[in-house]
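Input: a single structure, listed below in structure tokens.
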Amino acid sequence: MTTLIRTAMAMAAATAFQVSYAQQAGGGELGTITVEGSRDASGLHLEESSGTASRLGLSVRETPASVEILQQDTMQQRGARTFSEALRGMAGLSGGGPPSSPTTLSTRGFTSLMYLYDGVRSSGAGVTNRVQDTWNYERIEVLKGPASVLDGEGAIGGVVNFVTKRPDRSNPNKEALLSYGSYGSTRAAFGFGGALGDASAYRLDYSRNDTKVGTIARNGERIDHFTSGLMVDFGGSVKLDLSFDYLRDNNQAYWGTPLVPASFATQPTDVVSTPDGRVIDRRLARSNYNVPDDENSSETYWLRARLTGQLDGGWSWRNEFSANKANRVFRNSESAVFVAPASIARDQTLITHDQDFWLNRFDATHKGTLGGMDNRFVAGGEYSETRFGSQRRFSNGSAATANLLRVPVFDPYIAPFNDSLALTTGAGNRTNTTSNVKVTSAFVEDAIKPVRGLTLVGGLRHDRTEVDRGIADLNLGSYSRFGTSYRSTSGRIGAVYDITPDSSVYAQYTNATLPVNSLFLLSASNAAFPMSRGKQAEVGFKQSLPEAKLEWTAALYRIELDNVLSRDPNDARNTVNNGRQSSRGVELSAVWRPTREWTLAGNLAALDARYDTLIEAGGVSRVGKTPPNVPERVANLFATYRAEGSKFEYFASLNHTGHMYTDNANEIRINGFTTLDAAVSYRMRNALLTFRVRNLTDKLYATWVGRATSQVLLAPRRTFELSAKFDF
């Protein structure tokens with residue numbers, strides 16, 4: 001199948017090149033594109049519309065919410081190769097999850113985000129996220145806070161929409177990228193598109209990313225990504241936007257570095273702080289205790305078709321169909337825990353995913369007046385179905401298994417994966433599971449201007465979710481099947497008032513729903529609980545000052561999440577869902593061009609996140625504690641300098657991330673860190689050459705908790721990269 005896909009991509013590329021060449025040779029409209037001048041990679045894009053924040057075509061300024069748009073040029077300027085690198089530069093986003101879910105990030109006190117691809121939700125995002133290269137995407141849009149009213153369950157921290165490069169008849173350029181970096185890391189990509197016939201257009205993009213971390217043994221990612229688009233104009237306002245995408249990644253997984261007692265460490269660091277003095281020993285910072293024959297791979301196919309048309313009387317309609325098939329394999333030792341006097345206790349995990357997902361959504365939009373007032377209205381329905389199969393194999397906790405999997409701290413030979421069934425005995429350690437999730441939804445959204453300068457926005461969505469689960473326990477010889485259904489209604493109401501044509505203030509209230517566990521992995525006991533429910537109140541300000549060449553936004557918010565799994569305060573042996581957590585905070589973003597040579601951009605997020613009610617095993621209360629992987633201070637600063645008439649451009653970025661915790665008890669603290677990246681670029685006629693240094697100060701720091709709370713994911717150390725971006 002892989003060979004077939006690669007052959008198909010090569011044929012498609014060759015065909016498209018021939019079409020492009022024929023058009024140019026025939027004196028058509030396609031010509032050589034010469035790029036001169038500095039990239040305009042900055043701006044808050046307040047006048048652009050965001051399909052992530054609304055289906056009504058509202059601009060960012062008209063939307064009563066925090067919306068951030070990151071364009072492809074900005075990603076290139078910042079050197080963001082993957083989604084995680086790109087998102088970490090946006091206001092309030094931090095982290096980067098484990099290899100099982102590498103795009104998991106934290107924002108506004110929560111790590112539950114929803115991910116969309118070209119506006120279509122990703123099924124089971126917390127379980128199915130993969131690392132992806134940014135080349136294939138035109139932009140990334142982020143809507144902050146609960147947003148189930150737009151896309152259904154799962155969006156408490158926010159919604160992230162990855163928008164692929166689309167066909168464009170007016171932009172028939174070809175582009176390519178080559179880069180080489182530290183430890184032999186390479187990146188290569190190309191893309192081209194243009195007109196087809198009198199009214200249609202196409203787009204093809206391919207990227208290959210082979211990144212080697214180098215500062216941590218057997219750690220890196222290899223990604224092949226192909227995206228395509230075909231836009232067909234049938235006339236009479238009916239248009240078809242068709243796309244086929246293919247993604248394959250095969251990564252060497254690193255699951256974290258274990259903490260060790262201070263008495264053992266001869267080179268202690270300040271990466272973490274604990275009450276008992278455990279530290280990250282610099283001698284272990286390069287070690288990867290995963291099995292040397294690990295597998296962390298996926299293969300994904302996407303097919304999407306968007307059909308749109310116009311009707312009389314200000315009406316338009318849209319039908320979107322999306323189908324996705326994915327296969328994933330996780331074959332690792334994920335846990336690495338120090339055991340005195342000098343060994344590492346490990347586990348073994350083998351998980352496979354066989355996922356099929358399809359979705360169809362239809363909506364109709366009206367733009368006109370209502371009672372003499374400007375009004376936009378959309379109503380529609382959506383149906384999706386996911387079939388998910390998984391083989392799950394876990395090593396048991398017996399003394400014999402623990403002794404067999406244990407390795408010396410400094411042994412350069414880490415034992416490979418052990419396939420013996422004797423290691424997976426016991427209930428739940430060798431299972432085959434199936435899940436079928438069906439979601440039926442109806443939604444409406446409206447924006448009306450009752451008076452000049454005031455826009456009222458409201459939305460309502462109702463979801464009915466049906467879950468059917470089957471679990472075959474091969475060790476017990478048993479099979480259980482159960483199901484549950486959820487009904488949830490989400491809403492949003494907000495207002496935007498234009499103080500001046502360039503300044504607006506807004507307020508909104510919105511809510512969302514979140515399963516108590518992934519619907520794919522729901523247990524029979526958890527299926528009895530209703531979904532968790534979140535709500536947010538937010539006020540904000542957005543302003544452009546053209547004379548000062550300044551744009552800035554500010555937001556204040558409070559989010560509450562109820563029905564979180566907890567223990568019964570009267571009997572800690574029983575699980576209930578009376579837990580509650582909350583966060584409140586402020587976010588600021590700005591872009592300023594003080595002179596023709598300088599561009600400054602930055603953001604700041606400060607929050608207070610806590611458990612308001614949470615009891616764990618043994619009746620221990622976590623009230624007042626901060627949830628894991630949630631830093632309460634995140635700041636970014638980006639500076640670009642280019643002298644007038646110069647072909648050189650200088651770039652620097654500074655990131656500060658405050659401390660966070662690996663556990664609910666807040667006993668293991670990942671200390672805050674500040675990092676600096678820098679780059680210099682030289683503009684040639686058709687190329688941009690860039691030399692980049694990441695983590696310029698060679699800072700040793702951690703970004704996320706590992707498989708166990710006593711291990712953390714260390715970030716890459718200082719690296720260098722030389723790249724060339726070509727435009728033809």
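By order of appearance in the structure tokens: chains A, B, ..., then residues from 1 within every chain, and ligands from 1 in the order shown.
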
* Could you give me, as a list in words, each residue of region 387-552 of chain A that DSSP assigns to alpha helix (DSSP H) when run on this structure's backbone? => Ala399, Ala400, Thr401, Ala402, Asn403, Leu404 and Leu405 of chain A

Output N, CA and C atoms for every residue in the selection just made, as a compact mmCIF listing (two decimals), in the first residue's frame.
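Contents of result.txt, freshly written:
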```
# COMPACT_ATOMS: atom_id res chain seq x y z
N ALA A 399 6.92 -9.37 40.42
CA ALA A 399 8.33 -9.21 40.74
C ALA A 399 9.21 -9.83 39.66
N ALA A 400 8.77 -10.97 39.11
CA ALA A 400 9.57 -11.63 38.08
C ALA A 400 9.66 -10.76 36.83
N THR A 401 8.53 -10.16 36.42
CA THR A 401 8.53 -9.29 35.25
C THR A 401 9.38 -8.05 35.50
N ALA A 402 9.22 -7.47 36.69
CA ALA A 402 9.99 -6.26 37.02
C ALA A 402 11.49 -6.53 36.96
N ASN A 403 11.93 -7.68 37.48
CA ASN A 403 13.35 -8.01 37.46
C ASN A 403 13.85 -8.23 36.04
N LEU A 404 12.99 -8.81 35.19
CA LEU A 404 13.40 -9.09 33.83
C LEU A 404 13.55 -7.82 33.00
N LEU A 405 12.69 -6.84 33.24
CA LEU A 405 12.70 -5.61 32.45
C LEU A 405 13.66 -4.55 32.99
```

* A:Gly95, A:Glu320, A:Arg208, A:Val630: which is nearest Arg669 (chain A), counting only C-alpha atoms? ->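 Looking at the shortest contact to Arg669 (chain A), the residue is A:Val630.
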
* Asked: Which of these, A:Lys144, A:Lys165, A:Arg222, A:Arg464, has the shortest distance to Thr440 (chain A) once you count only C-alpha atoms?
  -> A:Arg464

* Residues near Thr128 (chain A), cut-off 8 Å, only C-alpha atoms, skip fewer than 5 positions along chain, as number ranges by chain -> A: 100-101, 123

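Residues lying within 9 Å of Asp698 (chain A), counting only C-alpha atoms and ignoring same-chain neighbours fewer than 3 positions away, are Thr675, Arg694, Asn695, Pro716, Arg717, Arg718 and Thr719 of chain A.
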
Using only N, CA, C and O atoms, please write the residues we just selected to a file, as a PDB file, in the first residue's frame.
```
ATOM      1  N   THR A 675      14.239  30.537  27.037  1.00  0.00           N
ATOM      2  CA  THR A 675      15.075  30.111  25.918  1.00  0.00           C
ATOM      3  C   THR A 675      15.141  31.213  24.868  1.00  0.00           C
ATOM      4  O   THR A 675      14.257  32.055  24.764  1.00  0.00           O
ATOM      5  N   ARG A 694      18.762  27.260  17.440  1.00  0.00           N
ATOM      6  CA  ARG A 694      17.694  27.048  18.416  1.00  0.00           C
ATOM      7  C   ARG A 694      18.309  26.794  19.780  1.00  0.00           C
ATOM      8  O   ARG A 694      19.333  26.126  19.909  1.00  0.00           O
ATOM      9  N   ASN A 695      17.655  27.310  20.821  1.00  0.00           N
ATOM     10  CA  ASN A 695      18.162  27.178  22.201  1.00  0.00           C
ATOM     11  C   ASN A 695      19.606  27.676  22.261  1.00  0.00           C
ATOM     12  O   ASN A 695      20.533  26.942  22.619  1.00  0.00           O
ATOM     13  N   PRO A 716      15.221  19.397  23.457  1.00  0.00           N
ATOM     14  CA  PRO A 716      16.509  19.358  22.754  1.00  0.00           C
ATOM     15  C   PRO A 716      17.413  20.497  23.211  1.00  0.00           C
ATOM     16  O   PRO A 716      16.954  21.575  23.578  1.00  0.00           O
ATOM     17  N   ARG A 717      18.708  20.248  23.174  1.00  0.00           N
ATOM     18  CA  ARG A 717      19.687  21.284  23.523  1.00  0.00           C
ATOM     19  C   ARG A 717      19.966  22.150  22.294  1.00  0.00           C
ATOM     20  O   ARG A 717      19.212  22.140  21.331  1.00  0.00           O
ATOM     21  N   ARG A 718      21.051  22.905  22.316  1.00  0.00           N
ATOM     22  CA  ARG A 718      21.352  23.836  21.233  1.00  0.00           C
ATOM     23  C   ARG A 718      21.585  23.084  19.920  1.00  0.00           C
ATOM     24  O   ARG A 718      22.317  22.089  19.870  1.00  0.00           O
ATOM     25  N   THR A 719      20.945  23.575  18.855  1.00  0.00           N
ATOM     26  CA  THR A 719      21.107  22.994  17.522  1.00  0.00           C
ATOM     27  C   THR A 719      21.234  24.103  16.486  1.00  0.00           C
ATOM     28  O   THR A 719      20.817  25.241  16.707  1.00  0.00           O
TER      29      THR A 719
END
```

* Asked: Quick one: of A:Thr489, A:Ser297, A:Thr640, A:Thr107, who's nearest to Ala609 (chain A), counting only C-alpha atoms?
  -> A:Thr107

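In this comparison, which uses only C-alpha atoms, the residue of A:Ser523, A:Thr455, A:Thr500, A:Ser298 approaching Asn251 (chain A) most closely is A:Ser298.
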
* Asked: Contacts of Ala605 (chain A) at 7 Å or less, counting only C-alpha atoms, minus same-chain residues fewer than 4 places along, as a list of chain:residue names?
  ->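 Once the adjacent positions are removed, what remains is A:Ala91, A:Gly92, A:Val586, A:Glu587, A:Leu588, A:Arg633, A:Val634, A:Ala635.
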
With C-alpha atoms retained, export the selected residues as a compact mmCIF listing (two decimals), in the first residue's frame.
```txt
# COMPACT_ATOMS: atom_id res chain seq x y z
CA ALA A 91 -0.45 33.31 23.37
CA GLY A 92 -0.79 31.07 26.41
CA VAL A 586 -5.35 37.37 31.36
CA GLU A 587 -3.82 37.22 27.87
CA LEU A 588 -2.14 40.04 25.95
CA ARG A 633 3.07 32.18 33.23
CA VAL A 634 3.95 32.04 29.52
CA ALA A 635 5.51 34.88 27.51
```

* Within 9 Å of Arg166 (chain A), counting only C-alpha atoms, which residues qualify if same-chain residues fewer than 4 places away don't, as a list of chain:residue names? ->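 Contacts, in chain order: A:Tyr137, A:Glu138, A:Gly193, A:Tyr202, A:Arg203, A:Leu204, A:Ser228, A:Gly229, A:Leu230, A:Met231, A:Asp241, A:Ser243.
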
Counting only C-alpha atoms, which residues of region 101-201 of chain A fall within 10 Å of region 66-78 of chain A, and what is the closest atom pair for each with its distance in Å at one decimal, ordered by chain and rising number, as CSV?
```
residue,atom,partner,partner_atom,distance
A:Thr134,CA,A:Met75,CA,7.5
A:Trp135,CA,A:Gln72,CA,7.6
A:Asn136,CA,A:Gln72,CA,9.0
A:Tyr137,CA,A:Gln72,CA,6.8
A:Glu138,CA,A:Gln72,CA,5.2
A:Arg139,CA,A:Gln71,CA,4.3
A:Ile140,CA,A:Leu70,CA,5.1
A:Glu141,CA,A:Ile69,CA,4.5
A:Val142,CA,A:Glu68,CA,5.2
A:Leu143,CA,A:Val67,CA,4.7
A:Lys144,CA,A:Ser66,CA,5.5
A:Gly145,CA,A:Ser66,CA,8.1
A:Gly158,CA,A:Ser66,CA,9.7
A:Val159,CA,A:Val67,CA,9.7
A:Val160,CA,A:Glu68,CA,9.6
A:Asn161,CA,A:Ile69,CA,9.5
A:Phe162,CA,A:Leu70,CA,9.8
A:Val163,CA,A:Gln71,CA,9.7
A:Thr164,CA,A:Gln72,CA,9.9
A:Lys165,CA,A:Gln72,CA,9.2
```

* Close residues, Leu722 (chain A) itself excluded, 6 Å, only C-alpha atoms, min 6 positions apart in chain, as a ChimeraX atom specification -> /A:179-180,690-691

Put those residues in a file: N, CA, C and O atoms, as a PDB file, in the first residue's frame.
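As a result, result.pdb now contains:
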```pdb
ATOM      1  N   SER A 179      16.750  21.903   3.919  1.00  0.00           N
ATOM      2  CA  SER A 179      17.472  22.314   5.128  1.00  0.00           C
ATOM      3  C   SER A 179      18.324  21.162   5.642  1.00  0.00           C
ATOM      4  O   SER A 179      18.012  19.980   5.430  1.00  0.00           O
ATOM      5  N   TYR A 180      19.387  21.551   6.317  1.00  0.00           N
ATOM      6  CA  TYR A 180      20.280  20.572   6.958  1.00  0.00           C
ATOM      7  C   TYR A 180      20.656  21.126   8.319  1.00  0.00           C
ATOM      8  O   TYR A 180      20.970  22.312   8.451  1.00  0.00           O
ATOM      9  N   THR A 690      18.766  30.899   5.167  1.00  0.00           N
ATOM     10  CA  THR A 690      18.630  31.193   6.592  1.00  0.00           C
ATOM     11  C   THR A 690      19.544  30.293   7.402  1.00  0.00           C
ATOM     12  O   THR A 690      19.557  29.066   7.212  1.00  0.00           O
ATOM     13  N   PHE A 691      20.286  30.903   8.316  1.00  0.00           N
ATOM     14  CA  PHE A 691      21.063  30.161   9.306  1.00  0.00           C
ATOM     15  C   PHE A 691      20.401  30.393  10.658  1.00  0.00           C
ATOM     16  O   PHE A 691      20.211  31.537  11.074  1.00  0.00           O
TER      17      PHE A 691
END
```

* To do: Counting only C-alpha atoms, figure out which residue out of A:Ile668, A:Ser333, A:Arg121, A:Arg130 gets nearest to Ser84 (chain A).
  =>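 For Ser84 (chain A), the nearest of the candidates is A:Arg130.
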